>>> print(open('coords14.cif').read())   # mmCIF, C-alpha atoms
data_input
#
loop_
_atom_site.label_atom_id
_atom_site.label_comp_id
_atom_site.auth_asym_id
_atom_site.auth_seq_id
_atom_site.Cartn_x
_atom_site.Cartn_y
_atom_site.Cartn_z
CA MET P 1 34.93 205.52 65.39
CA SER P 2 37.58 205.80 68.13
CA THR P 3 37.90 201.99 68.14
CA LEU P 4 38.48 202.01 64.41
CA ALA P 5 41.07 204.74 64.74
CA ALA P 6 42.86 202.81 67.49
CA ALA P 7 42.85 199.67 65.34
CA CYS P 8 44.35 201.60 62.42
CA VAL P 9 47.10 202.99 64.65
CA ALA P 10 47.84 199.50 65.98
CA CYS P 11 48.09 198.06 62.47
CA ALA P 12 50.34 200.92 61.38
CA ALA P 13 52.54 200.39 64.42
CA LEU P 14 52.99 196.73 63.56
CA ALA P 15 54.13 197.67 60.06
CA LEU P 16 56.74 200.23 61.25
CA PRO P 17 60.32 199.57 60.16
CA PRO P 18 62.54 198.44 63.05
CA ASP P 19 64.52 201.70 63.43
CA LEU P 20 61.41 203.72 64.20
CA ILE P 21 60.17 203.81 67.77
CA THR P 22 57.14 201.64 68.40
CA PRO P 23 54.23 203.57 69.95
CA GLY P 24 54.44 203.16 73.71
CA ASN P 25 58.25 202.94 73.57
CA LYS P 26 61.09 205.46 73.73
CA SER P 27 64.64 205.37 72.41
CA VAL P 28 67.64 204.51 74.58
CA ARG P 29 71.23 205.56 74.00
CA HIS P 30 73.26 202.37 74.11
CA GLU P 31 77.02 202.67 73.76
CA LEU P 32 80.01 200.41 74.09
CA SER P 33 83.43 201.09 75.49
CA LEU P 34 86.55 199.03 74.98
CA ASP P 35 89.18 198.43 77.62
CA VAL P 36 92.53 197.85 75.95
CA ASP P 37 95.41 196.48 77.98
CA GLU P 38 98.89 197.85 77.20
CA THR P 39 99.66 194.34 75.90
CA PHE P 40 97.76 195.38 72.79
CA ALA P 41 99.49 198.75 72.45
CA GLU P 42 100.61 197.91 68.93
CA TRP P 43 96.99 197.71 67.78
CA ARG P 44 94.30 200.26 67.17
CA PHE P 45 90.65 199.37 67.11
CA LEU P 46 87.84 200.48 64.84
CA ALA P 47 84.08 200.08 64.88
CA ALA P 48 82.23 200.01 61.59
CA PRO P 49 78.87 198.79 60.30
CA THR P 50 78.61 196.01 57.74
CA ALA P 51 75.44 197.55 56.31
CA GLY P 52 74.16 201.06 55.82
CA PHE P 53 76.14 204.17 54.98
CA ARG P 54 77.82 205.22 58.22
CA GLY P 55 81.61 205.35 58.37
CA VAL P 56 84.37 204.09 60.56
CA THR P 57 84.78 205.04 64.22
CA THR P 58 88.25 204.92 65.71
CA ILE P 59 87.82 203.52 69.20
CA GLU P 60 89.62 205.27 72.03
CA ALA P 61 90.27 202.99 74.97
CA GLY P 62 87.66 203.45 77.67
CA GLN P 63 85.65 205.99 75.68
CA PRO P 64 82.02 205.28 74.76
CA PHE P 65 81.15 204.77 71.11
CA ARG P 66 77.86 204.05 69.34
CA PHE P 67 77.09 200.76 67.68
CA SER P 68 74.14 199.20 65.91
CA SER P 69 72.89 195.65 65.97
CA LYS P 70 70.65 196.45 63.01
CA TYR P 71 73.56 197.65 60.84
CA GLY P 72 75.88 194.90 62.05
CA THR P 73 78.61 196.88 63.77
CA ARG P 74 81.86 194.93 63.96
CA ILE P 75 85.06 195.76 65.77
CA TYR P 76 88.34 195.49 63.87
CA ALA P 77 91.95 195.53 64.97
CA LEU P 78 94.62 197.01 62.77
CA PRO P 79 98.26 197.84 63.37
CA ALA P 80 98.67 201.13 65.24
CA GLY P 81 100.73 202.65 62.44
CA GLU P 82 98.16 201.92 59.75
CA ALA P 83 95.68 204.60 58.77
CA PRO P 84 92.05 203.62 59.20
CA PRO P 85 90.04 203.28 55.97
CA GLU P 86 87.11 205.50 55.07
CA ARG P 87 84.93 202.43 54.85
CA CYS P 88 85.52 198.87 56.03
CA THR P 89 84.73 197.04 52.82
CA GLU P 90 84.70 193.29 52.57
CA GLU P 91 88.01 193.41 50.72
CA TRP P 92 89.65 195.54 53.39
CA ALA P 93 88.23 193.41 56.23
CA ALA P 94 89.20 190.05 54.74
CA GLY P 95 91.75 188.36 56.96
CA ARG P 96 91.89 191.15 59.56
CA PRO P 97 91.25 190.48 63.24
CA GLN P 98 87.62 191.31 63.82
CA SER P 99 84.69 190.43 65.99
CA GLU P 100 81.08 191.19 66.61
CA PRO P 101 80.57 193.09 69.87
CA GLY P 102 78.59 190.18 71.31
CA VAL P 103 76.13 192.67 72.77
CA GLY P 104 72.54 193.11 71.63
CA GLU P 105 71.72 196.78 71.22
CA ILE P 106 68.98 198.10 73.49
CA GLY P 107 67.40 200.52 71.07
CA GLN P 108 64.09 201.20 72.69
CA VAL P 109 62.23 200.45 75.89
CA SER P 110 58.76 201.05 77.26
CA ILE P 111 57.98 204.69 77.97
CA LEU P 112 57.35 203.59 81.55
CA SER P 113 60.96 202.58 81.93
CA PRO P 114 63.28 205.14 83.52
CA LEU P 115 66.16 203.78 81.41
CA ALA P 116 67.73 206.44 79.20
CA ARG P 117 71.34 205.37 78.66
CA VAL P 118 73.29 202.12 78.70
CA LEU P 119 77.05 201.62 78.55
CA THR P 120 78.38 198.11 78.03
CA ARG P 121 82.06 197.68 78.73
CA LEU P 122 84.08 195.25 76.63
CA ARG P 123 87.68 194.16 77.02
CA VAL P 124 90.14 192.98 74.42
CA VAL P 125 91.23 189.47 75.36
CA GLU P 126 93.19 188.38 72.33
CA VAL P 127 94.26 189.69 68.95
CA SER P 128 95.58 187.15 66.50
CA GLU P 129 95.64 186.68 62.77
CA GLY P 130 92.07 187.00 61.56
CA ALA P 131 90.62 186.77 65.07
CA LEU P 132 89.75 189.30 67.72
CA LYS P 133 88.41 188.07 71.04
CA LEU P 134 86.37 190.41 73.19
CA GLU P 135 84.94 189.88 76.62
CA ARG P 136 82.04 191.67 78.26
CA VAL P 137 83.23 193.25 81.47
CA GLY P 138 80.12 194.95 82.76
CA GLU P 139 77.21 197.21 82.05
CA GLU P 140 75.96 200.42 83.55
CA ARG P 141 72.54 201.99 83.18
CA TRP P 142 71.27 205.49 83.87
CA ASP P 143 67.95 207.27 83.89
CA SER P 144 67.34 210.58 82.10
CA SER P 145 68.72 212.62 85.01
CA GLY P 146 71.97 210.68 84.96
CA THR P 147 71.19 208.70 88.10
CA PRO P 148 72.54 205.15 87.91
CA ILE P 149 69.92 202.44 87.93
CA GLY P 150 71.13 199.83 90.40
CA GLU P 151 69.50 196.53 89.76
CA ALA P 152 70.41 194.44 92.76
CA VAL P 153 68.88 196.63 95.46
CA LEU P 154 65.80 197.39 93.40
CA ASN P 155 65.27 193.68 92.78
CA LEU P 156 65.43 193.08 96.50
CA TYR P 157 62.75 195.66 97.23
CA LEU P 158 60.52 194.50 94.40
CA GLY P 159 60.86 190.89 95.48
CA GLY P 160 60.00 191.81 99.06
CA ILE P 161 56.82 193.62 98.05
CA ALA P 162 55.78 190.78 95.74
CA ALA P 163 56.34 188.31 98.57
CA VAL P 164 54.04 190.33 100.84
CA GLY P 165 51.39 190.27 98.12
CA PHE P 166 51.71 186.53 97.65
CA VAL P 167 51.52 185.80 101.37
CA GLY P 168 48.51 188.09 101.68
CA LEU P 169 46.66 186.32 98.86
CA LEU P 170 47.52 182.96 100.35
CA ALA P 171 46.22 184.05 103.77
CA LEU P 172 42.97 185.30 102.22
CA TRP P 173 42.54 182.07 100.31
CA LEU P 174 43.14 179.91 103.39
CA ARG P 175 40.70 182.00 105.43
CA SER P 176 38.09 181.71 102.71
CA ARG P 177 38.58 177.94 102.54
CA LYS P 178 38.28 177.62 106.30
CA ARG P 179 35.01 179.54 106.30
CA ARG P 180 33.60 177.37 103.53
CA ARG P 181 34.49 174.21 105.44
CA LEU P 182 32.93 175.58 108.61
CA ALA P 183 29.80 176.50 106.69
CA CYS P 184 29.63 173.00 105.16
CA SER P 185 30.21 171.25 108.47
CA GLN P 186 27.46 173.08 110.37
CA PRO P 187 24.24 171.10 110.50
CA THR P 188 21.26 172.58 108.67
CA SER P 189 18.24 173.10 110.82
CA MET F 190 64.50 205.59 92.48
CA PHE F 191 62.79 203.34 95.02
CA ALA F 192 60.97 206.34 96.51
CA THR F 193 59.58 207.12 93.07
CA TYR F 194 58.55 203.50 92.70
CA LEU F 195 56.70 203.56 96.05
CA LEU F 196 54.78 206.63 94.91
CA THR F 197 53.82 204.88 91.68
CA LEU F 198 52.80 201.72 93.56
CA SER F 199 50.73 203.71 96.06
CA ALA F 200 48.93 205.61 93.32
CA THR F 201 48.19 202.38 91.43
CA ILE F 202 46.83 200.69 94.52
CA LEU F 203 44.65 203.70 95.41
CA VAL F 204 43.13 203.81 91.95
CA GLU F 205 42.55 200.07 91.68
CA LEU F 206 41.09 199.73 95.16
CA GLY F 207 38.77 202.62 94.40
CA VAL F 208 37.52 200.93 91.24
CA VAL F 209 37.05 197.59 93.01
CA TRP F 210 35.25 199.29 95.89
CA LEU F 211 32.78 200.86 93.46
CA LEU F 212 32.21 197.76 91.29
CA ALA F 213 32.37 194.84 93.72
CA PRO F 214 29.19 193.22 95.05
CA LEU F 215 28.15 194.95 98.24
CA ALA F 216 28.30 191.90 100.49
CA LEU F 217 31.80 190.95 99.35
CA ARG F 218 33.24 194.41 98.96
CA ARG F 219 35.82 194.10 101.74
CA THR F 220 37.02 190.72 100.50
CA CYS F 221 37.37 192.02 96.95
CA VAL F 222 39.25 195.11 98.08
CA ALA F 223 41.62 193.03 100.24
CA THR F 224 42.17 190.67 97.28
CA ALA F 225 42.88 193.62 94.99
CA LEU F 226 45.36 195.05 97.48
CA PHE F 227 47.43 191.90 97.78
CA ALA F 228 47.11 191.09 94.08
CA ASN F 229 48.57 194.50 93.27
CA LEU F 230 51.37 194.06 95.80
CA LEU F 231 52.18 190.82 94.00
CA THR F 232 51.83 191.90 90.37
CA HIS F 233 53.01 195.51 90.37
CA PRO F 234 56.65 194.87 91.39
CA LEU F 235 56.88 191.83 89.13
CA ALA F 236 55.52 193.82 86.21
CA THR F 237 57.88 196.69 87.01
CA HIS F 238 60.83 194.32 87.02
CA ALA F 239 59.75 192.70 83.77
CA VAL F 240 59.26 195.98 81.91
CA ILE F 241 61.99 198.15 83.36
CA LEU F 242 64.76 195.69 84.09
CA GLY F 243 63.81 192.77 81.92
CA GLY F 244 62.87 194.75 78.82
CA ALA F 245 59.59 192.87 78.35
CA GLY F 246 56.83 194.44 76.32
CA PHE F 247 54.50 196.74 78.24
CA TRP F 248 51.26 195.41 76.77
CA GLU F 249 52.22 191.77 77.19
CA VAL F 250 53.07 192.33 80.82
CA GLU F 251 49.85 194.27 81.46
CA LEU F 252 47.87 191.40 79.94
CA GLY F 253 49.62 189.03 82.31
CA VAL F 254 48.78 191.29 85.24
CA ILE F 255 45.10 191.31 84.27
CA VAL F 256 45.10 187.51 84.06
CA VAL F 257 46.70 187.16 87.49
CA GLU F 258 44.25 189.60 89.07
CA TYR F 259 41.35 187.81 87.39
CA LEU F 260 42.54 184.56 88.94
CA ALA F 261 42.87 186.27 92.32
CA PHE F 262 39.27 187.48 92.19
CA ARG F 263 38.09 184.03 91.04
CA LEU F 264 40.05 181.84 93.38
CA VAL F 265 40.62 184.02 96.45
CA ALA F 266 37.59 186.32 96.52
CA ARG F 267 35.43 183.54 94.99
CA GLN F 268 33.80 185.87 92.49
CA PRO F 269 31.98 184.63 89.39
CA ALA F 270 33.95 184.74 86.16
CA ARG F 271 32.11 187.76 84.75
CA THR F 272 32.61 189.79 87.91
CA SER F 273 36.26 188.80 88.07
CA VAL F 274 36.84 189.83 84.46
CA ARG F 275 35.05 193.13 85.00
CA LEU F 276 37.02 193.97 88.13
CA ALA F 277 40.40 192.97 86.69
CA VAL F 278 39.92 194.66 83.32
CA LEU F 279 38.37 197.90 84.55
CA ALA F 280 40.72 198.40 87.49
CA ASN F 281 43.82 197.78 85.38
CA GLY F 282 42.42 199.60 82.38
CA LEU F 283 42.06 202.77 84.39
CA THR F 284 45.57 202.57 85.82
CA ILE F 285 47.00 201.88 82.36
CA ALA F 286 45.16 204.87 80.94
CA LEU F 287 46.35 207.14 83.75
CA THR F 288 49.91 205.87 83.40
CA LEU F 289 49.97 206.60 79.69
CA ALA F 290 48.27 209.95 80.16
CA PHE F 291 50.87 211.12 82.66
CA ARG F 292 53.81 209.75 80.70
CA LEU F 293 52.91 211.19 77.32
#
>>> encode(input="coords14.cif", output="structure tokens")
Amino acid sequence: MSTLAAACVACAALALPPDLITPGNKSVRHELSLDVDETFAEWRFLAAPTAGFRGVTTIEAGQPFRFSSKYGTRIYALPAGEAPPERCTEEWAAGRPQSEPGVGEIGQVSILSPLARVLTRLRVVEVSEGALKLERVGEERWDSSGTPIGEAVLNLYLGGIAAVGFVGLLALWLRSRKRRRLACSQPTS
Amino acid sequence: MFATYLLTLSATILVELGVVWLLAPLALRRTCVATALFANLLTHPLATHAVILGGAGFWEVELGVIVVEYLAFRLVARQPARTSVRLAVLANGLTIALTLAFRL
């Protein structure tokens, strides 16, 4: 009965829509921030989805803002003196400098992961007629207590431990092989 | 964070070695336990990296770990296939269950 119940849960989990958290996973807060050089002072930048019902977010330079890969968030540039629209319709967006963030949203991770928050920094490289070029500058990650998750050092430690395990297995295998050869080479009485 | 990881690794190794100690054939118990120790030192950090830093799926990675430990018992400890499967599946199954129980 418990096997049947587990199978039903597994089948239900497979059928879950993508914005629900898969069993065994947890949600992650993934935000973007946009660095804007004073060269682009005459522009203001907006983030808005191309699907769904959420509105427009006016981006403040360096400040985190939410985005969604599922709802197709795009970043638009408009003249600083122009009022942002309530919704970025296709008609409004036509011909305006715009770009996808170029960042895949990390929406959920395994519950074993300490990851709780991600901030990906983008930078405006170019604004021209109909085109907005963005560049990814960096990414920071934090656990639920706000402690940064540093990848480089952790990778070093993990790699070191894995190397010890590999060498240990190799040593055991070589010892086992040596014993087998000794056993085979000894004459039977 | 690394201190937390070491605690997790130590707990995993303790549990898995305990299971292997109980289930391994008597004559080859020490060999099986040594194999389990080094297999866990190899697979646990790689699995941690894959899940936590690489974003890989938990269950897919755990399946890979079981396969690697099965191969370790087969090739290094020279255990028959059935024994190797039993050791790899039961040892990892218990640690998976404990991990999920403590996380939920």
>>> interface_residues(input="coords14.cif", of="chain F", to="chain P", cutoff="7 Å", atoms="only C-alpha atoms", output="ChimeraX atom specification")
/F:191,224,227-228,230-232,234-235,240-241,244,246-247,265
>>> write_last_selection(input="coords14.cif", atoms="C-alpha atoms", output="PDB file, in the coordinates of the input")
ATOM      1  CA  PHE F 191      62.790 203.340  95.020  1.00  0.00           C
ATOM      2  CA  THR F 224      42.170 190.670  97.280  1.00  0.00           C
ATOM      3  CA  PHE F 227      47.430 191.900  97.780  1.00  0.00           C
ATOM      4  CA  ALA F 228      47.110 191.090  94.080  1.00  0.00           C
ATOM      5  CA  LEU F 230      51.370 194.060  95.800  1.00  0.00           C
ATOM      6  CA  LEU F 231      52.180 190.820  94.000  1.00  0.00           C
ATOM      7  CA  THR F 232      51.830 191.900  90.370  1.00  0.00           C
ATOM      8  CA  PRO F 234      56.650 194.870  91.390  1.00  0.00           C
ATOM      9  CA  LEU F 235      56.880 191.830  89.130  1.00  0.00           C
ATOM     10  CA  VAL F 240      59.260 195.980  81.910  1.00  0.00           C
ATOM     11  CA  ILE F 241      61.990 198.150  83.360  1.00  0.00           C
ATOM     12  CA  GLY F 244      62.870 194.750  78.820  1.00  0.00           C
ATOM     13  CA  GLY F 246      56.830 194.440  76.320  1.00  0.00           C
ATOM     14  CA  PHE F 247      54.500 196.740  78.240  1.00  0.00           C
ATOM     15  CA  VAL F 265      40.620 184.020  96.450  1.00  0.00           C
TER      16      VAL F 265
END
>>> atom_distance(input="coords14.cif", atom1="CA of Gly107 in chain P", atom2="CA of Gly146 in chain P")
17.8 Å
>>> closest_residue(input="coords14.cif", among="P:Trp92, P:Arg44, P:Gly52, P:Gly62", to="Val137 in chain P", atoms="all atoms listed in the file")
P:Gly62
>>> atom_distance(input="coords14.cif", atom1="CA of Pro64 in chain P", atom2="CA of Arg121 in chain P")
8.6 Å
>>> resolve_selection(input="coords14.cif", expression="the PyMOL selection byres ((chain P and resi 84) around 9)", output="ChimeraX atom specification")
/P:44,46,56-58,78,82-83,85-88
>>> atom_distance(input="coords14.cif", atom1="CA of Val127 in chain P", atom2="CA of Tyr76 in chain P")
9.7 Å
>>> resolve_selection(input="coords14.cif", expression="the PyMOL selection byres ((chain P and resi 36) around 9)", output="PyMOL selection string")
chain P and resi 34-35+37-41+60-62+122-125
>>> residues_around(input="coords14.cif", residues="Arg218 in chain F", least_positions_apart="6", cutoff="10 Å", atoms="only C-alpha atoms", output="PDB file with C-alpha atoms, keeping the file's coordinate frame")
ATOM      1  CA  VAL F 209      37.050 197.590  93.010  1.00  0.00           C
ATOM      2  CA  TRP F 210      35.250 199.290  95.890  1.00  0.00           C
ATOM      3  CA  LEU F 211      32.780 200.860  93.460  1.00  0.00           C
ATOM      4  CA  LEU F 212      32.210 197.760  91.290  1.00  0.00           C
ATOM      5  CA  THR F 224      42.170 190.670  97.280  1.00  0.00           C
ATOM      6  CA  ALA F 266      37.590 186.320  96.520  1.00  0.00           C
TER       7      ALA F 266
END
>>> resolve_selection(input="coords14.cif", expression="the PyMOL selection byres ((chain F and resi 277) around 12)", output="CSV table (one decimal) with C-alpha atoms, keeping the file's coordinate frame")
chain,number,residue,atom,x,y,z
F,205,GLU,CA,42.6,200.1,91.7
F,206,LEU,CA,41.1,199.7,95.2
F,208,VAL,CA,37.5,200.9,91.2
F,209,VAL,CA,37.0,197.6,93.0
F,212,LEU,CA,32.2,197.8,91.3
F,213,ALA,CA,32.4,194.8,93.7
F,221,CYS,CA,37.4,192.0,97.0
F,222,VAL,CA,39.2,195.1,98.1
F,224,THR,CA,42.2,190.7,97.3
F,225,ALA,CA,42.9,193.6,95.0
F,228,ALA,CA,47.1,191.1,94.1
F,229,ASN,CA,48.6,194.5,93.3
F,251,GLU,CA,49.8,194.3,81.5
F,252,LEU,CA,47.9,191.4,79.9
F,253,GLY,CA,49.6,189.0,82.3
F,254,VAL,CA,48.8,191.3,85.2
F,255,ILE,CA,45.1,191.3,84.3
F,256,VAL,CA,45.1,187.5,84.1
F,257,VAL,CA,46.7,187.2,87.5
F,258,GLU,CA,44.2,189.6,89.1
F,259,TYR,CA,41.4,187.8,87.4
F,260,LEU,CA,42.5,184.6,88.9
F,261,ALA,CA,42.9,186.3,92.3
F,262,PHE,CA,39.3,187.5,92.2
F,263,ARG,CA,38.1,184.0,91.0
F,268,GLN,CA,33.8,185.9,92.5
F,270,ALA,CA,34.0,184.7,86.2
F,271,ARG,CA,32.1,187.8,84.8
F,272,THR,CA,32.6,189.8,87.9
F,273,SER,CA,36.3,188.8,88.1
F,274,VAL,CA,36.8,189.8,84.5
F,275,ARG,CA,35.0,193.1,85.0
F,276,LEU,CA,37.0,194.0,88.1
F,278,VAL,CA,39.9,194.7,83.3
F,279,LEU,CA,38.4,197.9,84.6
F,280,ALA,CA,40.7,198.4,87.5
F,281,ASN,CA,43.8,197.8,85.4
F,282,GLY,CA,42.4,199.6,82.4
F,283,LEU,CA,42.1,202.8,84.4
F,284,THR,CA,45.6,202.6,85.8
F,285,ILE,CA,47.0,201.9,82.4
>>> residues_around(input="coords14.cif", residues="Ala51 in chain P", least_positions_apart="5", cutoff="12 Å", atoms="all atoms listed in the file", output="number ranges by chain")
P: 56, 67-74, 87-90
>>> closest_residue(input="coords14.cif", among="P:Ala94, P:Leu134, P:Ile21, P:Leu156", to="Ile75 in chain P", atoms="only C-alpha atoms")
P:Leu134
